[in-house]
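Below is final.tsv, which holds TSV, C-alpha atoms and all ligand atoms.
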```
chain	number	residue	atom	x	y	z
A	634	LEU	CA	6.60	45.20	42.49
A	635	SER	CA	3.23	43.44	42.36
A	636	ARG	CA	1.96	42.16	39.04
A	637	PRO	CA	-0.62	44.57	37.59
A	638	GLU	CA	-4.16	43.25	37.79
A	639	TRP	CA	-4.82	44.17	34.20
A	640	LEU	CA	-2.43	41.38	33.15
A	641	GLU	CA	-4.63	38.91	35.00
A	642	VAL	CA	-7.67	40.46	33.36
A	643	GLU	CA	-6.03	40.01	29.96
A	644	GLU	CA	-5.33	36.34	30.67
A	645	PHE	CA	-8.94	35.89	31.71
A	646	LEU	CA	-10.14	37.62	28.54
A	647	ASN	CA	-7.84	35.47	26.40
A	648	ARG	CA	-9.00	32.18	27.82
A	649	THR	CA	-12.66	33.22	28.02
A	650	LEU	CA	-13.13	35.04	24.72
A	651	ILE	CA	-10.33	33.97	22.41
A	652	LYS	CA	-9.69	30.26	23.13
A	653	ALA	CA	-6.72	28.15	22.03
A	654	ASP	CA	-5.86	28.44	18.37
A	655	PRO	CA	-3.00	26.31	16.99
A	656	ALA	CA	-2.52	28.36	13.79
A	657	LEU	CA	-2.26	31.65	15.68
A	658	ASP	CA	-0.04	30.08	18.34
A	659	ALA	CA	2.22	28.80	15.53
A	660	ALA	CA	2.36	32.28	13.99
A	661	ILE	CA	3.79	33.56	17.26
A	662	SER	CA	6.20	30.68	17.92
A	663	THR	CA	7.62	30.67	14.37
A	664	ALA	CA	8.22	34.41	14.62
A	665	GLN	CA	10.02	33.92	17.92
A	666	ALA	CA	12.09	31.06	16.48
A	667	ALA	CA	13.09	33.32	13.56
A	668	GLY	CA	14.27	35.99	15.99
A	669	MET	CA	11.52	38.43	15.02
A	670	PRO	CA	10.31	40.98	17.60
A	671	ALA	CA	7.13	40.13	19.54
A	672	ILE	CA	5.31	43.23	18.32
A	673	GLU	CA	2.21	41.61	16.86
A	674	VAL	CA	-1.16	42.81	18.15
A	675	ALA	CA	-2.49	41.22	21.34
A	676	PRO	CA	-5.03	38.39	20.87
A	677	THR	CA	-7.96	40.56	21.96
A	678	ALA	CA	-6.88	43.24	19.47
A	679	GLY	CA	-6.51	40.64	16.71
A	680	LYS	CA	-10.03	39.45	17.35
A	681	PHE	CA	-11.20	43.06	17.41
A	682	LEU	CA	-9.79	43.44	13.87
A	683	MET	CA	-11.60	40.28	12.78
A	684	LEU	CA	-14.86	41.55	14.24
A	685	LEU	CA	-14.40	44.97	12.67
A	686	ALA	CA	-13.93	43.34	9.27
A	687	ARG	CA	-17.10	41.35	9.83
A	688	ILE	CA	-19.15	44.22	11.28
A	689	SER	CA	-18.17	46.52	8.41
A	690	GLY	CA	-18.87	43.82	5.81
A	691	ALA	CA	-15.35	44.27	4.43
A	692	ARG	CA	-14.30	42.36	1.33
A	693	ARG	CA	-11.05	44.17	0.47
A	694	VAL	CA	-8.57	44.84	3.27
A	695	LEU	CA	-5.26	46.68	3.12
A	696	GLU	CA	-2.72	46.01	5.86
A	697	ILE	CA	0.52	47.96	6.25
A	698	GLY	CA	3.00	45.98	8.37
A	699	THR	CA	2.74	42.18	8.12
A	700	LEU	CA	5.47	40.91	10.49
A	701	ALA	CA	4.69	37.17	10.83
A	702	GLY	CA	1.14	37.39	9.56
A	703	TYR	CA	-0.60	37.25	12.95
A	704	SER	CA	-2.95	40.19	12.35
A	705	SER	CA	-3.29	39.23	8.65
A	706	ILE	CA	-4.74	35.87	9.74
A	707	TRP	CA	-7.24	37.54	12.05
A	708	LEU	CA	-8.27	40.01	9.33
A	709	ALA	CA	-8.64	37.26	6.71
A	710	ARG	CA	-10.86	35.31	9.08
A	711	GLY	CA	-13.24	38.26	9.22
A	712	LEU	CA	-13.80	38.22	5.47
A	713	PRO	CA	-16.22	36.30	3.26
A	714	GLU	CA	-14.86	33.48	1.04
A	715	ASP	CA	-14.09	35.88	-1.82
A	716	GLY	CA	-12.51	38.49	0.47
A	717	THR	CA	-8.87	39.54	0.15
A	718	VAL	CA	-6.15	41.08	2.30
A	719	ILE	CA	-3.20	42.82	0.68
A	720	SER	CA	-0.50	43.10	3.32
A	721	CYS	CA	2.63	45.23	2.83
A	722	GLU	CA	5.91	44.19	4.43
A	723	PHE	CA	9.33	45.74	4.01
A	724	LEU	CA	11.52	42.81	5.09
A	725	PRO	CA	11.54	39.73	2.81
A	726	GLU	CA	12.46	37.49	5.76
A	727	HIS	CA	9.37	38.65	7.67
A	728	ALA	CA	7.22	38.16	4.59
A	729	ALA	CA	8.53	34.60	4.15
A	730	VAL	CA	7.62	33.64	7.72
A	731	ALA	CA	4.23	35.34	7.29
A	732	ARG	CA	3.53	33.45	4.07
A	733	LYS	CA	4.01	30.10	5.83
A	734	ASN	CA	1.91	31.13	8.82
A	735	ILE	CA	-0.92	32.46	6.67
A	736	ASP	CA	-0.96	29.27	4.55
A	737	ASN	CA	-0.81	27.15	7.71
A	738	ALA	CA	-3.87	28.98	9.04
A	739	GLY	CA	-5.85	27.98	5.93
A	740	VAL	CA	-6.34	31.54	4.66
A	741	GLY	CA	-3.56	31.53	2.08
A	742	ASN	CA	-6.04	32.02	-0.77
A	743	LYS	CA	-7.22	35.29	0.78
A	744	VAL	CA	-3.92	36.99	1.67
A	745	GLU	CA	-1.32	38.47	-0.65
A	746	VAL	CA	1.89	39.70	0.99
A	747	ARG	CA	3.65	42.40	-1.03
A	748	VAL	CA	7.32	42.89	-0.20
A	749	GLY	CA	8.88	46.35	-0.28
A	750	ALA	CA	8.60	49.77	1.32
A	751	ALA	CA	4.88	50.23	1.79
A	752	LEU	CA	4.84	53.73	0.28
A	753	ASP	CA	6.17	52.21	-2.96
A	754	THR	CA	3.76	49.29	-2.84
A	755	LEU	CA	0.81	51.60	-2.21
A	756	VAL	CA	1.52	53.56	-5.41
A	757	ASN	CA	0.54	50.56	-7.50
A	758	LEU	CA	-2.61	49.58	-5.61
A	759	GLN	CA	-6.11	50.38	-6.74
A	760	GLY	CA	-8.93	51.17	-4.37
A	761	PRO	CA	-11.34	51.19	-2.94
A	762	PHE	CA	-10.46	49.17	0.14
A	763	ASP	CA	-13.12	48.61	2.77
A	764	LEU	CA	-10.77	48.38	5.75
A	765	VAL	CA	-7.19	49.61	6.20
A	766	PHE	CA	-4.96	48.57	9.11
A	767	ILE	CA	-1.82	50.68	9.58
A	768	ASP	CA	0.84	49.04	11.77
A	769	ALA	CA	4.34	49.64	10.37
A	770	ASP	CA	6.97	52.40	10.65
A	771	LYS	CA	5.29	55.12	12.71
A	772	GLY	CA	7.19	57.92	10.97
A	773	ASN	CA	5.16	57.27	7.82
A	774	ASN	CA	1.74	57.06	9.50
A	775	VAL	CA	0.55	60.37	8.09
A	776	ASN	CA	1.79	59.43	4.61
A	777	TYR	CA	-0.01	56.09	4.94
A	778	LEU	CA	-3.18	57.85	6.05
A	779	LYS	CA	-3.03	60.23	3.08
A	780	ARG	CA	-2.60	57.33	0.64
A	781	ALA	CA	-5.22	55.27	2.46
A	782	LEU	CA	-7.70	58.12	1.90
A	783	GLU	CA	-6.98	58.00	-1.83
A	784	LEU	CA	-7.63	54.27	-1.77
A	785	SER	CA	-10.89	54.61	0.19
A	786	ARG	CA	-14.59	55.23	-0.33
A	787	PRO	CA	-17.08	56.81	2.05
A	788	GLY	CA	-17.49	54.24	4.81
A	789	THR	CA	-13.99	52.79	4.60
A	790	VAL	CA	-12.73	51.97	8.08
A	791	ILE	CA	-9.14	52.88	8.97
A	792	VAL	CA	-7.39	51.53	12.07
A	793	VAL	CA	-4.00	52.81	13.23
A	794	ASP	CA	-2.15	50.83	15.90
A	795	ASN	CA	0.16	52.11	18.66
A	796	VAL	CA	-1.22	55.62	18.93
A	797	VAL	CA	-0.57	55.90	22.68
A	798	TRP	CA	2.83	54.24	23.04
A	799	GLU	CA	3.10	54.80	26.77
A	800	GLY	CA	2.17	58.45	26.31
A	801	ALA	CA	5.58	59.22	24.79
A	802	PHE	CA	4.11	61.93	22.56
A	803	LEU	CA	3.08	64.01	25.57
A	804	ALA	CA	6.62	65.28	26.10
A	805	PRO	CA	6.94	68.74	24.51
A	806	GLU	CA	10.33	67.74	23.13
A	807	ALA	CA	8.96	64.51	21.62
A	808	GLU	CA	10.75	63.54	18.45
A	809	GLY	CA	11.06	60.55	16.13
A	810	ASP	CA	8.29	57.97	16.50
A	811	ALA	CA	6.77	59.76	19.50
A	812	LEU	CA	6.35	62.97	17.52
A	813	ALA	CA	5.03	60.98	14.56
A	814	ILE	CA	2.35	59.46	16.78
A	815	ARG	CA	1.23	62.88	18.00
A	816	GLN	CA	1.09	64.05	14.37
A	817	THR	CA	-0.92	60.95	13.46
A	818	LEU	CA	-3.53	61.79	16.10
A	819	GLU	CA	-3.60	65.44	15.03
A	820	PHE	CA	-4.03	64.42	11.39
A	821	LEU	CA	-6.92	62.14	12.34
A	822	GLY	CA	-8.54	64.89	14.39
A	823	ASN	CA	-8.10	67.63	11.79
A	824	SER	CA	-8.95	65.72	8.63
A	825	GLU	CA	-12.15	66.91	6.96
A	826	SER	CA	-12.46	63.47	5.39
A	827	LEU	CA	-12.35	61.38	8.56
A	828	GLU	CA	-14.37	60.85	11.71
A	829	ALA	CA	-11.95	59.35	14.23
A	830	THR	CA	-11.46	58.30	17.82
A	831	ALA	CA	-8.77	56.47	19.80
A	832	VAL	CA	-8.97	53.90	22.56
A	833	GLN	CA	-6.27	53.44	25.20
A	834	THR	CA	-5.35	49.87	26.11
A	835	ALA	CA	-3.34	48.16	28.86
A	836	SER	CA	-2.16	44.66	28.01
A	837	SER	CA	0.88	42.39	27.82
A	838	LYS	CA	1.92	44.79	25.05
A	839	GLY	CA	2.09	47.59	27.62
A	840	TRP	CA	0.17	50.87	27.82
A	841	ASP	CA	-0.89	51.68	24.29
A	842	GLY	CA	-3.93	52.24	22.12
A	843	PHE	CA	-5.39	52.25	18.64
A	844	ALA	CA	-7.29	54.74	16.56
A	845	VAL	CA	-10.37	53.94	14.51
A	846	ALA	CA	-11.66	56.23	11.78
A	847	VAL	CA	-14.33	56.10	9.14
A	848	VAL	CA	-14.06	57.93	5.82
A	849	LYS	CA	-16.88	60.49	5.40
B	901	LIG	N1	0.56	43.89	12.00
B	901	LIG	C1	1.48	42.91	12.53
B	901	LIG	C2	0.76	42.04	13.53
B	901	LIG	O1	0.04	42.60	14.39
B	901	LIG	O2	0.90	40.81	13.49
B	901	LIG	C3	2.67	43.56	13.21
B	901	LIG	C4	3.44	44.49	12.32
B	901	LIG	S1	4.94	45.04	13.07
B	901	LIG	C5	4.37	46.06	14.36
B	901	LIG	C6	5.56	46.19	11.89
B	901	LIG	C7	6.06	45.57	10.60
B	901	LIG	O3	6.17	46.62	9.64
B	901	LIG	C8	7.41	44.90	10.70
B	901	LIG	O4	7.36	43.59	10.19
B	901	LIG	C9	8.30	45.78	9.83
B	901	LIG	O5	9.32	45.06	9.13
B	901	LIG	C10	7.31	46.37	8.85
B	901	LIG	N2	7.74	47.65	8.25
B	901	LIG	C11	8.54	48.62	8.79
B	901	LIG	N3	8.72	49.60	7.92
B	901	LIG	C12	8.01	49.28	6.81
B	901	LIG	C13	7.80	49.91	5.56
B	901	LIG	N4	8.36	51.08	5.26
B	901	LIG	N5	7.02	49.29	4.65
B	901	LIG	C14	6.44	48.10	4.94
B	901	LIG	N6	6.61	47.46	6.11
B	901	LIG	C15	7.38	48.04	7.03
```
Show the structure stored in the file as structure tokens.
Amino acid sequence: LSRPEWLEVEEFLNRTLIKADPALDAAISTAQAAGMPAIEVAPTAGKFLMLLARISGARRVLEIGTLAGYSSIWLARGLPEDGTVISCEFLPEHAAVARKNIDNAGVGNKVEVRVGAALDTLVNLQGPFDLVFIDADKGNNVNYLKRALELSRPGTVIVVDNVVWEGAFLAPEAEGDALAIRQTLEFLGNSESLEATAVQTASSKGWDGFAVAVVK
């Protein structure tokens, strides 16, 4: 089987637009060394998050799903000096690796990692957040969106990752995460409080996509 050309395109984009970055490279290698799954966002997507934070003028960011802190670092880099990211992570061992990576990237003063089931963590948070990035257990996406809306203001930007997932939700008998993804898209489309779209992507992370919404 020949190598898809979009992988070559991605490599070109990475070296042309992203450039080498020791702190981000370390975030990936430490995660690998710790046996964590390589499910962080692609570099172009990470930079997209940074740009979105900057474009929207975000100061307070909420992230659900920290893993090794790769996307947290990108988000923090999009914020002004007094900006903050609160990132929710279920597994203490992931949070510990993330803490080191975030500190190593020089954005430790901006990022707080809260350990626990995100739905519990979210109960104790106060809004409004300017930008919310949802990238954890897909089965809770709709719950996260509902809570994110409570923690938002008009203009808050909400991004949900992995909303295409190789089209798994197309199957009529879709269940589990695939069904949850379809329900996530339907929630985004039906919500009176959100204006949303989704973008399909092909990258080293496979055929996937992300949704972007703004709170009305
Ligand atoms: N956003 C990260 C990045 O791009 O670098 C990747 C996050 S990874 C896809 C999903 C993370 O969510 C994992 O670290 C997992 O342990 C965490 N997670 C799963 N269920 C969770 C829950 N209920 N509450 C908080 N975090 C959860």
So that each row is one residue of chain A with an atom at most 8 Å from ligand LIG 901 (chain B), can you give its shortest atom pair and the distance in Å to one decimal, using only C-alpha atoms and all ligand atoms, rows by chain and rising number, as CSV?
```
residue,atom,partner,partner_atom,distance
A:Ile672,CA,B:LIG901,C5,5.0
A:Glu673,CA,B:LIG901,O1,3.4
A:Val674,CA,B:LIG901,O1,4.0
A:Ala675,CA,B:LIG901,O1,7.5
A:Gly679,CA,B:LIG901,O1,7.2
A:Glu696,CA,B:LIG901,N1,7.3
A:Ile697,CA,B:LIG901,C14,6.1
A:Gly698,CA,B:LIG901,O3,3.5
A:Thr699,CA,B:LIG901,C1,4.6
A:Leu700,CA,B:LIG901,O4,3.3
A:Ala701,CA,B:LIG901,O2,5.9
A:Gly702,CA,B:LIG901,O2,5.2
A:Tyr703,CA,B:LIG901,O2,3.9
A:Ser704,CA,B:LIG901,O2,4.1
A:Ser705,CA,B:LIG901,O2,6.6
A:Cys721,CA,B:LIG901,C14,5.2
A:Glu722,CA,B:LIG901,N6,3.7
A:Phe723,CA,B:LIG901,N6,3.8
A:Leu724,CA,B:LIG901,O5,5.1
A:His727,CA,B:LIG901,O4,5.9
A:Ala728,CA,B:LIG901,O4,7.8
A:Val748,CA,B:LIG901,C14,7.4
A:Gly749,CA,B:LIG901,C14,6.0
A:Ala750,CA,B:LIG901,N5,3.7
A:Ala751,CA,B:LIG901,N5,3.7
A:Leu752,CA,B:LIG901,N5,6.6
A:Phe766,CA,B:LIG901,N1,7.8
A:Ile767,CA,B:LIG901,N1,7.6
A:Asp768,CA,B:LIG901,N1,5.2
A:Ala769,CA,B:LIG901,O3,3.6
A:Asp770,CA,B:LIG901,N3,4.3
A:Asn773,CA,B:LIG901,N4,7.4
```
Worksheet entry | Distance of atom CA of Val793 of chain A from atom CA of Asp810 of chain A, expressed in Å to one decimal place | 13.7 Å
Worksheet entry | Cut-off 12 Å around (-8.2, 48.2, 27.6) with only C-alpha atoms: residues as an MDAnalysis selection string | chainID A and resid 639:640 642:643 646 675 677:678 681 797 831:843
Worksheet item: Which residues come within 8 Å of Gly772 of chain A, counting only C-alpha atoms, excluding same-chain residues fewer than 4 positions away, as number ranges by chain?
Response: A: 809-810, 813-814
Discussion item. Could you check the closest approach to Ala731 of chain A for each of A:Met683, A:Ala656, A:Val756, A:Ile688 and tell me which residue wins, using all atoms listed in the file?
Written reply: A:Ala656
Worksheet item: Smallest atom-to-atom distance to Ser785 of chain A: which of A:Gly668, A:Gly760, A:Pro676, A:Gly822, using all atoms listed in the file?
Response: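 Nearest to Ser785 of chain A: A:Gly760.
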Worksheet item: Quick one, how far is atom CA of Leu818 of chain A from atom CA of Leu764 of chain A?
Response: 18.4 Å
Worksheet item: How many Å separate atom CA of Ala846 of chain A from atom CA of Asn647 of chain A?
Response: 25.7 Å
Worksheet entry | Nearby residues, (-5.3, 55.0, 0.9) file frame, 12 Å, all atoms listed in the file, as a PyMOL selection string | chain A and resi 694-697+751-752+754-767+774-787+789-792+826+848
Practice prompt. Would you please work out which residue, of A:Lys733, A:Ser720, A:Thr830, A:Lys771, is nearest to Arg815 of chain A when using all atoms listed in the file?
Written response: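 So, comparing all the options, the nearest one is A:Lys771.
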Output, as JSON, the centre and edge lengths in Å (one decimal) of the axis-aligned box that contains all listed atoms of segment 745-759 of chain A with 5 Å of margin on each side.
```
{"center_x": 1.4, "center_y": 46.1, "center_z": -2.9, "size_x": 25.0, "size_y": 25.3, "size_z": 19.3}
```
